[in-house]
file input35.cif (mmCIF, C-alpha atoms)
data_final
#
loop_
_atom_site.label_atom_id
_atom_site.label_comp_id
_atom_site.auth_asym_id
_atom_site.auth_seq_id
_atom_site.Cartn_x
_atom_site.Cartn_y
_atom_site.Cartn_z
CA MET A 1 -4.90 -25.06 -45.69
CA SER A 2 -4.11 -26.14 -42.15
CA LEU A 3 -4.95 -22.75 -40.65
CA ASN A 4 -8.15 -22.59 -42.72
CA TRP A 5 -9.13 -26.00 -41.35
CA LEU A 6 -8.25 -25.00 -37.79
CA ALA A 7 -10.31 -21.80 -38.05
CA VAL A 8 -13.35 -23.74 -39.27
CA LEU A 9 -12.87 -26.46 -36.62
CA LEU A 10 -12.66 -23.90 -33.80
CA SER A 11 -15.74 -22.10 -35.14
CA GLU A 12 -17.71 -25.36 -35.23
CA LYS A 13 -16.83 -25.80 -31.53
CA GLY A 14 -18.03 -22.24 -30.77
CA LEU A 15 -14.51 -20.90 -30.29
CA ASP A 16 -12.71 -17.86 -31.71
CA ARG A 17 -10.38 -17.82 -34.71
CA PRO A 18 -6.84 -19.19 -34.07
CA GLY A 19 -5.25 -15.75 -33.63
CA VAL A 20 -7.77 -14.92 -30.88
CA HIS A 21 -8.34 -18.35 -29.31
CA PHE A 22 -4.64 -19.14 -28.87
CA LYS A 23 -2.95 -16.44 -26.81
CA ASN A 24 0.39 -16.97 -28.54
CA TYR A 25 1.16 -18.92 -31.65
CA LYS A 26 3.92 -18.91 -34.17
CA MET A 27 4.65 -20.47 -37.52
CA VAL A 28 7.77 -22.61 -37.76
CA LYS A 29 9.44 -24.16 -40.79
CA LYS A 30 10.61 -27.44 -39.29
CA ILE A 31 8.19 -29.94 -37.81
CA ASN A 32 10.49 -30.68 -34.86
CA ASN A 33 10.23 -26.99 -33.90
CA ALA A 34 6.48 -27.52 -33.55
CA VAL A 35 6.35 -31.00 -31.99
CA LEU A 36 9.26 -30.89 -29.55
CA PRO A 37 8.06 -27.86 -27.53
CA VAL A 38 4.78 -29.71 -26.93
CA PHE A 39 6.64 -32.93 -26.09
CA PHE A 40 8.83 -31.06 -23.56
CA LYS A 41 5.82 -29.15 -22.13
CA GLN A 42 7.06 -25.77 -23.36
CA ALA A 43 3.91 -25.39 -25.47
CA ASP A 44 0.37 -26.70 -25.16
CA THR A 45 -0.38 -27.75 -28.71
CA CYS A 46 0.88 -27.84 -32.29
CA LEU A 47 -0.61 -28.21 -35.73
CA VAL A 48 1.43 -30.44 -38.02
CA HIS A 49 1.17 -32.64 -41.08
CA ARG A 50 0.31 -36.22 -40.09
CA LYS A 51 3.12 -37.73 -42.16
CA GLY A 52 5.69 -35.55 -40.39
CA PHE A 53 4.28 -36.44 -36.98
CA ASP A 54 4.38 -40.14 -37.82
CA ILE A 55 8.02 -39.88 -38.89
CA MET A 56 8.95 -38.09 -35.65
CA ALA A 57 7.04 -40.72 -33.63
CA GLU A 58 8.84 -43.48 -35.49
CA LEU A 59 12.21 -41.90 -34.69
CA ASN A 60 11.19 -41.29 -31.07
CA PRO A 61 8.37 -43.64 -29.92
CA GLN A 62 7.94 -41.60 -26.73
CA ILE A 63 6.36 -38.87 -28.84
CA ALA A 64 3.52 -41.18 -29.84
CA ARG A 65 3.11 -42.44 -26.28
CA GLN A 66 3.16 -39.05 -24.55
CA MET A 67 1.34 -36.88 -27.09
CA ARG A 68 -2.32 -37.16 -28.03
CA ILE A 69 -3.82 -36.28 -31.40
CA VAL A 70 -6.81 -34.06 -30.62
CA ALA A 71 -8.22 -33.65 -34.13
CA THR A 72 -7.39 -34.79 -37.64
CA SER A 73 -8.52 -33.05 -40.78
CA PRO A 74 -9.93 -34.87 -43.76
CA PRO A 75 -7.62 -34.87 -46.77
CA TYR A 76 -7.60 -31.61 -48.73
CA ILE A 77 -5.99 -30.70 -52.03
CA PRO A 78 -3.78 -27.73 -51.18
CA VAL A 79 -2.27 -26.92 -54.57
CA ILE A 80 -3.73 -27.00 -58.06
CA LEU A 81 -2.47 -26.24 -61.54
CA CYS A 82 -5.15 -25.07 -63.92
CA PHE A 83 -5.37 -24.44 -67.64
CA ARG A 84 -7.93 -22.27 -69.34
CA LYS A 85 -10.59 -24.58 -70.78
CA THR A 86 -9.87 -23.36 -74.30
CA TYR A 87 -6.06 -23.54 -73.96
CA GLN A 88 -4.63 -25.73 -76.70
CA SER A 89 -0.91 -26.38 -76.96
CA PRO A 90 1.37 -29.39 -77.38
CA VAL A 91 3.16 -28.17 -74.25
CA LYS A 92 -0.02 -28.74 -72.21
CA GLN A 93 -0.10 -32.48 -72.95
CA LEU A 94 3.65 -32.84 -72.33
CA LEU A 95 3.38 -31.02 -69.01
CA LEU A 96 0.41 -33.10 -67.86
CA ARG A 97 2.16 -36.35 -68.81
CA ASP A 98 5.45 -35.39 -67.16
CA LEU A 99 3.82 -34.14 -63.95
CA GLN A 100 2.07 -37.48 -63.51
CA LYS A 101 5.38 -39.32 -64.03
CA ILE A 102 7.46 -37.03 -61.80
CA VAL A 103 7.42 -39.50 -58.90
CA GLU A 104 9.08 -42.14 -61.10
CA SER A 105 12.39 -40.27 -61.25
CA LEU A 106 14.76 -39.87 -58.31
CA SER A 107 15.03 -36.11 -58.75
CA GLY A 108 11.24 -35.84 -59.10
CA ALA A 109 10.67 -37.87 -55.95
CA GLN A 110 13.16 -35.69 -54.09
CA LEU A 111 11.38 -32.56 -55.29
CA LEU A 112 8.04 -33.87 -54.07
CA THR A 113 9.58 -34.78 -50.72
CA ILE A 114 11.09 -31.32 -50.28
CA PHE A 115 7.70 -29.69 -50.87
CA GLN A 116 5.86 -32.40 -48.87
CA ILE A 117 3.73 -33.39 -51.85
CA ASP A 118 2.38 -36.94 -52.04
CA GLY A 119 2.03 -36.90 -55.80
CA MET A 120 0.40 -35.22 -58.74
CA GLN A 121 -2.56 -36.38 -60.73
CA GLN A 122 -5.28 -35.02 -62.93
CA ILE A 123 -8.55 -34.61 -61.03
CA SER A 124 -12.07 -33.42 -61.70
CA LYS A 125 -13.76 -30.32 -60.37
CA GLU A 126 -15.86 -32.57 -58.12
CA GLU A 127 -12.73 -33.89 -56.41
CA LEU A 128 -11.93 -30.31 -55.34
CA ALA A 129 -15.32 -29.85 -53.66
CA ASP A 130 -14.15 -30.47 -50.06
CA SER A 131 -11.15 -28.15 -50.42
CA ILE A 132 -13.24 -25.40 -52.00
CA SER A 133 -15.93 -25.80 -49.32
CA LEU A 134 -13.34 -25.44 -46.56
CA LEU A 135 -11.97 -22.25 -48.10
CA GLU A 136 -15.49 -20.84 -48.55
CA LYS A 137 -16.38 -21.56 -44.90
CA ASP A 138 -13.17 -19.91 -43.70
CA HIS A 139 -13.79 -16.94 -45.99
CA ILE A 140 -17.25 -16.45 -44.47
CA LEU A 141 -15.89 -16.84 -40.91
CA SER A 142 -13.19 -14.26 -41.55
CA GLY A 143 -15.87 -11.64 -42.18
CA LEU A 144 -14.50 -10.72 -45.58
CA PRO A 145 -17.01 -9.41 -48.11
CA GLU A 146 -18.36 -12.06 -50.43
CA SER A 147 -16.52 -12.12 -53.72
CA GLY A 148 -18.85 -14.51 -55.50
CA LYS A 149 -17.61 -17.41 -57.57
CA ALA A 150 -14.19 -17.18 -59.07
CA LYS A 151 -14.30 -16.12 -62.69
CA GLY A 152 -14.64 -19.19 -64.82
CA ALA A 153 -15.10 -21.52 -61.84
CA ASP A 154 -17.83 -23.40 -63.69
CA ASN A 155 -15.54 -24.27 -66.60
#

call {"tool": "encode", "arguments": {"input": "input35.cif", "output": "structure tokens"}}
result
Amino acid sequence: MSLNWLAVLLSEKGLDRPGVHFKNYKMVKKINNAVLPVFFKQADTCLVHRKGFDIMAELNPQIARQMRIVATSPPYIPVILCFRKTYQSPVKQLLLRDLQKIVESLSGAQLLTIFQIDGMQQISKEELADSISLLEKDHILSGLPESGKAKGADN
């Protein structure tokens, strides 16, 4: 969702989409491959997860002193697991219970860390509103034809 957020942010400032506004940009897998080129003045900017930036700044305080955060996104929910409203199964309740407890086990906590997930919890449709709104704004900005509401989105 970071690129969706960046596209909307640039648009709100009257600027082009990321692929046009930034002459060159690349996706990297490791946060240090994004932050360190900016720190060493080999790149102008980077887009990273705040938690990762904070960890790098803690390990090297010069990063926090020499780099400036230009913009911070509000929190978004990047991943969801959905069940059909009419889906009934004992497995559903077990899965929901175990996903909420995953952080309590060492292996579960490690799994969440690997995928940079803060936790899992059951939420309402209303709690997804900001994330859905961001994706809708980016969809409109991208010039793609309107697809209407997702099938069953009201359920």

call {"tool": "resolve_selection", "arguments": {"input": "input35.cif", "expression": "the PyMOL selection byres ((chain A and resi 50) around 12)", "output": "list of chain:residue names"}}
result
A:Ser2, A:Ile31, A:Val35, A:Cys46, A:Leu47, A:Val48, A:His49, A:Lys51, A:Gly52, A:Phe53, A:Asp54, A:Ile55, A:Met56, A:Ala57, A:Ala64, A:Ile69, A:Ala71, A:Thr72, A:Ser73, A:Pro74, A:Pro75, A:Gln116

call {"tool": "atom_distance", "arguments": {"input": "input35.cif", "atom1": "CA of Ala7 (chain A)", "atom2": "CA of Phe39 (chain A)"}}
result
23.5 Å

call {"tool": "atom_distance", "arguments": {"input": "input35.cif", "atom1": "CA of Lys101 (chain A)", "atom2": "CA of Phe83 (chain A)"}}
result
18.7 Å

call {"tool": "resolve_selection", "arguments": {"input": "input35.cif", "expression": "the PyMOL selection byres ((chain A and resi 76) around 12)", "output": "PDB file with C-alpha atoms, in the frame of the given file"}}
result
ATOM      1  CA  MET A   1      -4.900 -25.060 -45.690  1.00  0.00           C
ATOM      2  CA  SER A   2      -4.110 -26.140 -42.150  1.00  0.00           C
ATOM      3  CA  ASN A   4      -8.150 -22.590 -42.720  1.00  0.00           C
ATOM      4  CA  TRP A   5      -9.130 -26.000 -41.350  1.00  0.00           C
ATOM      5  CA  HIS A  49       1.170 -32.640 -41.080  1.00  0.00           C
ATOM      6  CA  THR A  72      -7.390 -34.790 -37.640  1.00  0.00           C
ATOM      7  CA  SER A  73      -8.520 -33.050 -40.780  1.00  0.00           C
ATOM      8  CA  PRO A  74      -9.930 -34.870 -43.760  1.00  0.00           C
ATOM      9  CA  PRO A  75      -7.620 -34.870 -46.770  1.00  0.00           C
ATOM     10  CA  ILE A  77      -5.990 -30.700 -52.030  1.00  0.00           C
ATOM     11  CA  PRO A  78      -3.780 -27.730 -51.180  1.00  0.00           C
ATOM     12  CA  VAL A  79      -2.270 -26.920 -54.570  1.00  0.00           C
ATOM     13  CA  ILE A  80      -3.730 -27.000 -58.060  1.00  0.00           C
ATOM     14  CA  ILE A 117       3.730 -33.390 -51.850  1.00  0.00           C
ATOM     15  CA  ASP A 118       2.380 -36.940 -52.040  1.00  0.00           C
ATOM     16  CA  GLU A 127     -12.730 -33.890 -56.410  1.00  0.00           C
ATOM     17  CA  LEU A 128     -11.930 -30.310 -55.340  1.00  0.00           C
ATOM     18  CA  ALA A 129     -15.320 -29.850 -53.660  1.00  0.00           C
ATOM     19  CA  ASP A 130     -14.150 -30.470 -50.060  1.00  0.00           C
ATOM     20  CA  SER A 131     -11.150 -28.150 -50.420  1.00  0.00           C
ATOM     21  CA  ILE A 132     -13.240 -25.400 -52.000  1.00  0.00           C
ATOM     22  CA  SER A 133     -15.930 -25.800 -49.320  1.00  0.00           C
ATOM     23  CA  LEU A 134     -13.340 -25.440 -46.560  1.00  0.00           C
ATOM     24  CA  LEU A 135     -11.970 -22.250 -48.100  1.00  0.00           C
TER      25      LEU A 135
END

call {"tool": "residues_around", "arguments": {"input": "input35.cif", "residues": "Lys23 (chain A)", "least_positions_apart": "4", "cutoff": "12 Å", "atoms": "all atoms listed in the file", "output": "JSON, numbers by chain"}}
result
{"A": [16, 17, 18, 19, 43, 44, 45]}

call {"tool": "atom_distance", "arguments": {"input": "input35.cif", "atom1": "CA of Gly108 (chain A)", "atom2": "CA of Leu96 (chain A)"}}
result
14.2 Å

call {"tool": "residues_around", "arguments": {"input": "input35.cif", "residues": "Gln100 (chain A)", "least_positions_apart": "6", "cutoff": "10 Å", "atoms": "only C-alpha atoms", "output": "count of residues only"}}
result
4

call {"tool": "build_atoms", "arguments": {"input": "input35.cif", "residues": "region 23-59 of chain A", "atoms": "N, CA and C atoms", "output": "compact mmCIF listing (two decimals), keeping the file's coordinate frame"}}
result
# COMPACT_ATOMS: atom_id res chain seq x y z
N LYS A 23 -3.57 -17.68 -27.27
CA LYS A 23 -2.95 -16.44 -26.81
C LYS A 23 -1.68 -16.14 -27.63
N ASN A 24 -0.85 -17.12 -27.76
CA ASN A 24 0.39 -16.97 -28.54
C ASN A 24 0.50 -18.14 -29.50
N TYR A 25 0.82 -17.84 -30.73
CA TYR A 25 1.16 -18.92 -31.65
C TYR A 25 2.14 -18.40 -32.67
N LYS A 26 2.93 -19.31 -33.17
CA LYS A 26 3.92 -18.91 -34.17
C LYS A 26 4.03 -19.99 -35.23
N MET A 27 4.43 -19.57 -36.40
CA MET A 27 4.65 -20.47 -37.52
C MET A 27 6.13 -20.86 -37.50
N VAL A 28 6.39 -22.13 -37.69
CA VAL A 28 7.77 -22.61 -37.76
C VAL A 28 7.95 -23.40 -39.04
N LYS A 29 9.17 -23.47 -39.52
CA LYS A 29 9.44 -24.16 -40.79
C LYS A 29 9.67 -25.65 -40.60
N LYS A 30 10.27 -26.04 -39.50
CA LYS A 30 10.61 -27.44 -39.29
C LYS A 30 9.63 -28.07 -38.31
N ILE A 31 9.19 -29.27 -38.63
CA ILE A 31 8.19 -29.94 -37.81
C ILE A 31 8.69 -30.18 -36.38
N ASN A 32 9.98 -30.46 -36.22
CA ASN A 32 10.49 -30.68 -34.86
C ASN A 32 10.38 -29.42 -34.01
N ASN A 33 10.40 -28.24 -34.65
CA ASN A 33 10.23 -26.99 -33.90
C ASN A 33 8.79 -26.77 -33.46
N ALA A 34 7.87 -27.56 -33.98
CA ALA A 34 6.48 -27.52 -33.55
C ALA A 34 6.19 -28.63 -32.54
N VAL A 35 6.67 -29.84 -32.83
CA VAL A 35 6.35 -31.00 -31.99
C VAL A 35 7.14 -31.01 -30.68
N LEU A 36 8.43 -30.76 -30.75
CA LEU A 36 9.26 -30.89 -29.55
C LEU A 36 8.88 -29.95 -28.41
N PRO A 37 8.51 -28.68 -28.66
CA PRO A 37 8.06 -27.86 -27.53
C PRO A 37 6.83 -28.43 -26.82
N VAL A 38 5.94 -29.08 -27.56
CA VAL A 38 4.78 -29.71 -26.93
C VAL A 38 5.24 -30.94 -26.14
N PHE A 39 6.11 -31.72 -26.74
CA PHE A 39 6.64 -32.93 -26.09
C PHE A 39 7.33 -32.57 -24.77
N PHE A 40 8.10 -31.47 -24.77
CA PHE A 40 8.83 -31.06 -23.56
C PHE A 40 8.05 -30.09 -22.68
N LYS A 41 6.74 -29.96 -22.94
CA LYS A 41 5.82 -29.15 -22.13
C LYS A 41 6.19 -27.67 -22.11
N GLN A 42 6.77 -27.20 -23.20
CA GLN A 42 7.06 -25.77 -23.36
C GLN A 42 5.93 -25.08 -24.14
N ALA A 43 5.07 -25.89 -24.74
CA ALA A 43 3.91 -25.39 -25.47
C ALA A 43 2.76 -26.36 -25.24
N ASP A 44 1.54 -25.87 -25.42
CA ASP A 44 0.37 -26.70 -25.16
C ASP A 44 -0.06 -27.55 -26.34
N THR A 45 0.14 -27.04 -27.53
CA THR A 45 -0.38 -27.75 -28.71
C THR A 45 0.42 -27.36 -29.95
N CYS A 46 0.27 -28.16 -30.99
CA CYS A 46 0.88 -27.84 -32.29
C CYS A 46 -0.01 -28.37 -33.39
N LEU A 47 0.15 -27.80 -34.56
CA LEU A 47 -0.61 -28.21 -35.73
C LEU A 47 0.42 -28.63 -36.77
N VAL A 48 0.42 -29.91 -37.11
CA VAL A 48 1.43 -30.44 -38.02
C VAL A 48 0.82 -31.40 -39.02
N HIS A 49 1.55 -31.66 -40.07
CA HIS A 49 1.17 -32.64 -41.08
C HIS A 49 1.30 -34.03 -40.48
N ARG A 50 0.33 -34.88 -40.70
CA ARG A 50 0.31 -36.22 -40.09
C ARG A 50 1.55 -37.04 -40.46
N LYS A 51 1.96 -36.95 -41.72
CA LYS A 51 3.12 -37.73 -42.16
C LYS A 51 4.37 -37.33 -41.37
N GLY A 52 4.54 -36.04 -41.16
CA GLY A 52 5.69 -35.55 -40.39
C GLY A 52 5.63 -36.01 -38.95
N PHE A 53 4.44 -35.97 -38.36
CA PHE A 53 4.28 -36.44 -36.98
C PHE A 53 4.61 -37.92 -36.88
N ASP A 54 4.11 -38.70 -37.83
CA ASP A 54 4.38 -40.14 -37.82
C ASP A 54 5.87 -40.45 -37.94
N ILE A 55 6.57 -39.69 -38.76
CA ILE A 55 8.02 -39.88 -38.89
C ILE A 55 8.72 -39.56 -37.58
N MET A 56 8.33 -38.44 -36.94
CA MET A 56 8.95 -38.09 -35.65
C MET A 56 8.65 -39.15 -34.60
N ALA A 57 7.42 -39.68 -34.60
CA ALA A 57 7.04 -40.72 -33.63
C ALA A 57 7.79 -42.02 -33.89
N GLU A 58 8.07 -42.28 -35.15
CA GLU A 58 8.84 -43.48 -35.49
C GLU A 58 10.28 -43.34 -35.00
N LEU A 59 10.84 -42.15 -35.14
CA LEU A 59 12.21 -41.90 -34.69
C LEU A 59 12.30 -41.85 -33.16
